[in-house]
Amino acid sequence: MIAALALSLALVLTPAAATAAVPSPPPGGADVDYQLGGAITPAANVEVVVRDRRARPAAGRYNVCYVNAFQTQPDEAALWRKHPDLVLRRGGRPVEDSAWGEWLLDIRSTVKRQRLMRIIGPWIDRCARDGYDAVEYDNLDSFSRSGGLIRTAQTKAFARVLAQRARLRGLAAGQKNWAELDGRSLGFTFAVAEECGRYDECGDYVASYGSRVLVIEYRGADFRRACAAWGARLGIVLRDRALAPRGPRAWC
């Protein structure tokens, strides 16, 4: 058991990860569908599909596997109650992203990052086994909601380990959030940008990844603004915030 754990950690923490072939990122400018709320057959124009790690990939499309790597999923509280010291705490209480009801993970030490990879690493491995082409790691910017408890250097250290694990498993790694960061230095090769039209951040991601930016907007005005500015270059989809399987969709 100890030997197996040591081997697993070595795969994500040693320089050998840097020598693995770089998996292909999503095609630039391709129409994308964001299906985290439930899987349906993609529309004929869709080339890239993003689904939750527990869903099967879509046949005949480029598939991105969603992994919430820096915060907990609301429906997985029982899992994290088994690992209370891996949840970031202030005064004994979990630090919560109140917008989504998610607890922040404690990535502040090498030991805790290693222990988190014992949980999150197998999720990434499953994405690869199931036939996904890439993985997006959500909430890279969770440090900004930590009240100063998590530093950017700690975030970058964990992001680098996550990107290495993806690469070793043949998956491209996607940056999610923290628009000001050029994540290429950490091993990311594309970005998933929620509401970059709304917050005028699309150009930041394009500066790092060119046309390999998947854009999701949730408001009609923001979608139209993003299409006007970036629709000729980026894949942009309008979705409902609940991401309901049969919810509305539109593309530029």
# chains A, B, ... in the order shown; residues from 1 in each chain; ligands from 1
$ residues_around --residues "range 242-247 of chain A" --least-positions-apart "3" --cutoff "7 Å" --atoms "only C-alpha atoms" --output "PyMOL selection string"
chain A and resi 35-40+239
$ write_last_selection --atoms "N, CA and C atoms" --output "short mmCIF file (atom, residue, chain, number, x, y, z; two decimals), in the first residue's frame"
data_model
loop_
_atom_site.label_atom_id
_atom_site.label_comp_id
_atom_site.auth_asym_id
_atom_site.auth_seq_id
_atom_site.Cartn_x
_atom_site.Cartn_y
_atom_site.Cartn_z
N GLN A 35 -22.29 21.11 -20.46
CA GLN A 35 -23.33 20.19 -20.03
C GLN A 35 -23.13 19.69 -18.60
N LEU A 36 -22.71 20.54 -17.71
CA LEU A 36 -22.46 20.09 -16.34
C LEU A 36 -23.73 19.70 -15.61
N GLY A 37 -24.86 20.26 -15.99
CA GLY A 37 -26.11 19.93 -15.32
C GLY A 37 -26.74 18.63 -15.76
N GLY A 38 -26.20 18.01 -16.78
CA GLY A 38 -26.76 16.76 -17.30
C GLY A 38 -26.46 16.62 -18.77
N ALA A 39 -26.23 15.39 -19.21
CA ALA A 39 -25.80 15.14 -20.58
C ALA A 39 -26.99 14.94 -21.51
N ILE A 40 -26.90 15.57 -22.68
CA ILE A 40 -27.83 15.31 -23.78
C ILE A 40 -27.01 15.17 -25.06
N ARG A 239 -25.79 29.76 -22.12
CA ARG A 239 -26.47 28.73 -21.35
C ARG A 239 -27.25 29.37 -20.21
#
$ closest_atom_pairs --of "range 160-226 of chain A" --to "range 114-122 of chain A" --cutoff "10 Å" --atoms "only C-alpha atoms" --output "tab-separated table"
residue	atom	partner	partner_atom	distance
A:Val161	CA	A:Met117	CA	8.5
A:Leu162	CA	A:Gly121	CA	7.8
A:Arg165	CA	A:Gly121	CA	7.1
A:Ala166	CA	A:Gly121	CA	8.8
$ write_last_selection --atoms "N, CA and C atoms" --output "tab-separated table (two decimals), in the first residue's frame"
chain	number	residue	atom	x	y	z
A	161	VAL	N	0.81	20.58	-10.20
A	161	VAL	CA	0.67	19.14	-9.97
A	161	VAL	C	-0.55	18.58	-10.72
A	162	LEU	N	-1.65	19.31	-10.70
A	162	LEU	CA	-2.86	18.87	-11.41
A	162	LEU	C	-2.61	18.79	-12.91
A	165	ARG	N	-0.51	15.75	-13.75
A	165	ARG	CA	-1.26	14.50	-13.69
A	165	ARG	C	-2.09	14.32	-14.96
A	166	ALA	N	-2.72	15.40	-15.40
A	166	ALA	CA	-3.49	15.33	-16.64
A	166	ALA	C	-2.61	14.94	-17.81
$ residues_around --residues "Asp222 in chain A" --least-positions-apart "3" --cutoff "7 Å" --atoms "only C-alpha atoms" --output "ChimeraX atom specification"
/A:197-198,217,219,225-226
$ select_by_dssp --residues "range 17-235 of chain A" --states "strand (DSSP E)" --output "number ranges by chain"
A: 32-34, 48-52, 62-68, 89-90, 93-94, 96-97, 102-103, 134-138, 172-176, 190-194, 213-217, 235
$ atom_distance --atom1 "CA of Ala179 in chain A" --atom2 "CA of Val135 in chain A"
17.7 Å
$ closest_residue --among "A:Glu195, A:Glu96, A:Glu102, A:Glu136" --to "Ala173 in chain A" --atoms "only C-alpha atoms"
A:Glu136
$ residues_around --residues "Ser208 in chain A" --least-positions-apart "4" --cutoff "12 Å" --atoms "only C-alpha atoms" --output "ChimeraX atom specification"
/A:174-175,178-191,201-204,212-213
$ closest_residue --among "A:Tyr34, A:Tyr66, A:Trp80, A:Tyr209" --to "Leu171 in chain A" --atoms "only C-alpha atoms"
A:Tyr66
$ closest_residue --among "A:Arg61, A:Leu149, A:Val206, A:Asp130" --to "Pro94 in chain A" --atoms "only C-alpha atoms"
A:Leu149
$ atom_distance --atom1 "CA of Arg51 in chain A" --atom2 "CA of Val64 in chain A"
6.4 Å
$ select_by_dssp --residues "range 27-188 of chain A" --states "helix (DSSP H, G or I)" --output "NGL selection string"
:A and (74-81 or 84-86 or 110-130 or 142-145 or 152-168 or 183-186)
$ residues_around --residues "Gly101 in chain A" --least-positions-apart "2" --cutoff "12 Å" --atoms "only C-alpha atoms" --output "PyMOL selection string"
chain A and resi 71-77+94-99+103-104
$ write_last_selection --atoms "C-alpha atoms" --output "mmCIF file, in the first residue's frame"
data_model
loop_
_atom_site.group_PDB
_atom_site.id
_atom_site.type_symbol
_atom_site.label_atom_id
_atom_site.label_comp_id
_atom_site.auth_asym_id
_atom_site.auth_seq_id
_atom_site.Cartn_x
_atom_site.Cartn_y
_atom_site.Cartn_z
ATOM 1 C CA GLN A 71 -13.421 23.516 -3.863
ATOM 2 C CA THR A 72 -15.918 20.833 -2.890
ATOM 3 C CA GLN A 73 -19.025 19.894 -4.820
ATOM 4 C CA PRO A 74 -22.214 20.615 -2.797
ATOM 5 C CA ASP A 75 -23.394 17.012 -3.181
ATOM 6 C CA GLU A 76 -20.100 15.559 -1.912
ATOM 7 C CA ALA A 77 -20.079 16.988 1.616
ATOM 8 C CA PRO A 94 -15.141 25.631 6.799
ATOM 9 C CA VAL A 95 -14.408 28.612 4.578
ATOM 10 C CA GLU A 96 -17.262 28.641 2.080
ATOM 11 C CA ASP A 97 -17.796 30.026 -1.382
ATOM 12 C CA SER A 98 -21.289 31.234 -0.530
ATOM 13 C CA ALA A 99 -22.261 31.815 -4.169
ATOM 14 C CA TRP A 103 -16.061 24.644 0.803
ATOM 15 C CA LEU A 104 -12.545 25.676 -0.129
#
$ decode --residues "range 50-86 of chain A" --atoms "N, CA and C atoms" --output "PDB file, in the first residue's frame"
ATOM      1  N   VAL A  50     -18.299  19.819 -22.746  1.00  0.00           N
ATOM      2  CA  VAL A  50     -17.782  19.761 -21.374  1.00  0.00           C
ATOM      3  C   VAL A  50     -18.826  19.084 -20.505  1.00  0.00           C
ATOM      4  N   ARG A  51     -18.418  18.020 -19.795  1.00  0.00           N
ATOM      5  CA  ARG A  51     -19.321  17.285 -18.917  1.00  0.00           C
ATOM      6  C   ARG A  51     -18.656  17.020 -17.578  1.00  0.00           C
ATOM      7  N   ASP A  52     -19.480  16.771 -16.576  1.00  0.00           N
ATOM      8  CA  ASP A  52     -18.991  16.435 -15.249  1.00  0.00           C
ATOM      9  C   ASP A  52     -18.197  15.129 -15.297  1.00  0.00           C
ATOM     10  N   ARG A  53     -17.242  15.001 -14.410  1.00  0.00           N
ATOM     11  CA  ARG A  53     -16.365  13.825 -14.399  1.00  0.00           C
ATOM     12  C   ARG A  53     -17.123  12.519 -14.192  1.00  0.00           C
ATOM     13  N   ARG A  54     -18.349  12.581 -13.662  1.00  0.00           N
ATOM     14  CA  ARG A  54     -19.102  11.352 -13.441  1.00  0.00           C
ATOM     15  C   ARG A  54     -19.956  10.962 -14.632  1.00  0.00           C
ATOM     16  N   ALA A  55     -19.973  11.807 -15.678  1.00  0.00           N
ATOM     17  CA  ALA A  55     -20.737  11.526 -16.895  1.00  0.00           C
ATOM     18  C   ALA A  55     -19.831  10.901 -17.951  1.00  0.00           C
ATOM     19  N   ARG A  56     -20.436  10.215 -18.890  1.00  0.00           N
ATOM     20  CA  ARG A  56     -19.694   9.639 -20.004  1.00  0.00           C
ATOM     21  C   ARG A  56     -19.446  10.702 -21.060  1.00  0.00           C
ATOM     22  N   PRO A  57     -18.336  10.618 -21.784  1.00  0.00           N
ATOM     23  CA  PRO A  57     -18.082  11.599 -22.850  1.00  0.00           C
ATOM     24  C   PRO A  57     -19.041  11.410 -24.023  1.00  0.00           C
ATOM     25  N   ALA A  58     -19.179  12.456 -24.836  1.00  0.00           N
ATOM     26  CA  ALA A  58     -20.062  12.429 -26.002  1.00  0.00           C
ATOM     27  C   ALA A  58     -19.329  11.812 -27.190  1.00  0.00           C
ATOM     28  N   ALA A  59     -19.975  10.879 -27.845  1.00  0.00           N
ATOM     29  CA  ALA A  59     -19.344  10.193 -28.976  1.00  0.00           C
ATOM     30  C   ALA A  59     -19.073  11.174 -30.112  1.00  0.00           C
ATOM     31  N   GLY A  60     -17.888  11.052 -30.713  1.00  0.00           N
ATOM     32  CA  GLY A  60     -17.569  11.816 -31.900  1.00  0.00           C
ATOM     33  C   GLY A  60     -17.256  13.278 -31.675  1.00  0.00           C
ATOM     34  N   ARG A  61     -17.085  13.713 -30.410  1.00  0.00           N
ATOM     35  CA  ARG A  61     -16.754  15.101 -30.098  1.00  0.00           C
ATOM     36  C   ARG A  61     -15.440  15.152 -29.317  1.00  0.00           C
ATOM     37  N   TYR A  62     -14.877  16.341 -29.242  1.00  0.00           N
ATOM     38  CA  TYR A  62     -13.751  16.568 -28.332  1.00  0.00           C
ATOM     39  C   TYR A  62     -14.363  16.793 -26.952  1.00  0.00           C
ATOM     40  N   ASN A  63     -13.970  15.989 -25.977  1.00  0.00           N
ATOM     41  CA  ASN A  63     -14.620  15.991 -24.668  1.00  0.00           C
ATOM     42  C   ASN A  63     -13.705  16.519 -23.570  1.00  0.00           C
ATOM     43  N   VAL A  64     -14.250  17.442 -22.772  1.00  0.00           N
ATOM     44  CA  VAL A  64     -13.532  18.018 -21.641  1.00  0.00           C
ATOM     45  C   VAL A  64     -14.224  17.561 -20.354  1.00  0.00           C
ATOM     46  N   CYS A  65     -13.448  17.035 -19.432  1.00  0.00           N
ATOM     47  CA  CYS A  65     -13.948  16.487 -18.176  1.00  0.00           C
ATOM     48  C   CYS A  65     -13.834  17.551 -17.079  1.00  0.00           C
ATOM     49  N   TYR A  66     -14.954  17.855 -16.432  1.00  0.00           N
ATOM     50  CA  TYR A  66     -14.980  18.873 -15.388  1.00  0.00           C
ATOM     51  C   TYR A  66     -14.590  18.269 -14.044  1.00  0.00           C
ATOM     52  N   VAL A  67     -13.581  18.855 -13.410  1.00  0.00           N
ATOM     53  CA  VAL A  67     -13.160  18.451 -12.073  1.00  0.00           C
ATOM     54  C   VAL A  67     -13.074  19.704 -11.205  1.00  0.00           C
ATOM     55  N   ASN A  68     -13.808  19.728 -10.118  1.00  0.00           N
ATOM     56  CA  ASN A  68     -13.737  20.831  -9.161  1.00  0.00           C
ATOM     57  C   ASN A  68     -12.570  20.537  -8.236  1.00  0.00           C
ATOM     58  N   ALA A  69     -11.400  21.083  -8.540  1.00  0.00           N
ATOM     59  CA  ALA A  69     -10.168  20.675  -7.880  1.00  0.00           C
ATOM     60  C   ALA A  69      -9.767  21.557  -6.709  1.00  0.00           C
ATOM     61  N   PHE A  70     -10.383  22.729  -6.562  1.00  0.00           N
ATOM     62  CA  PHE A  70      -9.983  23.651  -5.512  1.00  0.00           C
ATOM     63  C   PHE A  70     -11.089  23.894  -4.489  1.00  0.00           C
ATOM     64  N   GLN A  71     -12.297  23.407  -4.788  1.00  0.00           N
ATOM     65  CA  GLN A  71     -13.421  23.516  -3.863  1.00  0.00           C
ATOM     66  C   GLN A  71     -14.212  22.208  -3.898  1.00  0.00           C
ATOM     67  N   THR A  72     -15.118  22.046  -2.957  1.00  0.00           N
ATOM     68  CA  THR A  72     -15.918  20.833  -2.890  1.00  0.00           C
ATOM     69  C   THR A  72     -17.195  20.990  -3.706  1.00  0.00           C
ATOM     70  N   GLN A  73     -17.711  19.888  -4.195  1.00  0.00           N
ATOM     71  CA  GLN A  73     -19.025  19.894  -4.820  1.00  0.00           C
ATOM     72  C   GLN A  73     -20.093  19.844  -3.723  1.00  0.00           C
ATOM     73  N   PRO A  74     -21.190  20.595  -3.857  1.00  0.00           N
ATOM     74  CA  PRO A  74     -22.214  20.615  -2.797  1.00  0.00           C
ATOM     75  C   PRO A  74     -22.770  19.238  -2.455  1.00  0.00           C
ATOM     76  N   ASP A  75     -22.819  18.331  -3.436  1.00  0.00           N
ATOM     77  CA  ASP A  75     -23.394  17.012  -3.181  1.00  0.00           C
ATOM     78  C   ASP A  75     -22.361  15.996  -2.688  1.00  0.00           C
ATOM     79  N   GLU A  76     -21.140  16.465  -2.389  1.00  0.00           N
ATOM     80  CA  GLU A  76     -20.100  15.559  -1.912  1.00  0.00           C
ATOM     81  C   GLU A  76     -19.598  15.942  -0.513  1.00  0.00           C
ATOM     82  N   ALA A  77     -20.465  16.583   0.267  1.00  0.00           N
ATOM     83  CA  ALA A  77     -20.079  16.988   1.616  1.00  0.00           C
ATOM     84  C   ALA A  77     -19.680  15.788   2.473  1.00  0.00           C
ATOM     85  N   ALA A  78     -20.362  14.659   2.268  1.00  0.00           N
ATOM     86  CA  ALA A  78     -20.059  13.475   3.081  1.00  0.00           C
ATOM     87  C   ALA A  78     -18.626  13.009   2.854  1.00  0.00           C
ATOM     88  N   LEU A  79     -18.157  13.080   1.618  1.00  0.00           N
ATOM     89  CA  LEU A  79     -16.775  12.699   1.316  1.00  0.00           C
ATOM     90  C   LEU A  79     -15.797  13.551   2.107  1.00  0.00           C
ATOM     91  N   TRP A  80     -16.009  14.859   2.088  1.00  0.00           N
ATOM     92  CA  TRP A  80     -15.034  15.755   2.708  1.00  0.00           C
ATOM     93  C   TRP A  80     -15.160  15.774   4.226  1.00  0.00           C
ATOM     94  N   ARG A  81     -16.288  15.356   4.764  1.00  0.00           N
ATOM     95  CA  ARG A  81     -16.384  15.222   6.222  1.00  0.00           C
ATOM     96  C   ARG A  81     -15.481  14.100   6.728  1.00  0.00           C
ATOM     97  N   LYS A  82     -15.113  13.184   5.842  1.00  0.00           N
ATOM     98  CA  LYS A  82     -14.173  12.129   6.207  1.00  0.00           C
ATOM     99  C   LYS A  82     -12.729  12.639   6.218  1.00  0.00           C
ATOM    100  N   HIS A  83     -12.527  13.800   5.647  1.00  0.00           N
ATOM    101  CA  HIS A  83     -11.188  14.396   5.573  1.00  0.00           C
ATOM    102  C   HIS A  83     -11.270  15.852   6.045  1.00  0.00           C
ATOM    103  N   PRO A  84     -11.672  16.082   7.286  1.00  0.00           N
ATOM    104  CA  PRO A  84     -11.949  17.451   7.736  1.00  0.00           C
ATOM    105  C   PRO A  84     -10.748  18.382   7.663  1.00  0.00           C
ATOM    106  N   ASP A  85      -9.538  17.834   7.808  1.00  0.00           N
ATOM    107  CA  ASP A  85      -8.364  18.707   7.794  1.00  0.00           C
ATOM    108  C   ASP A  85      -7.943  19.111   6.398  1.00  0.00           C
ATOM    109  N   LEU A  86      -8.598  18.561   5.370  1.00  0.00           N
ATOM    110  CA  LEU A  86      -8.310  18.969   3.993  1.00  0.00           C
ATOM    111  C   LEU A  86      -9.253  20.070   3.521  1.00  0.00           C
TER     112      LEU A  86
END
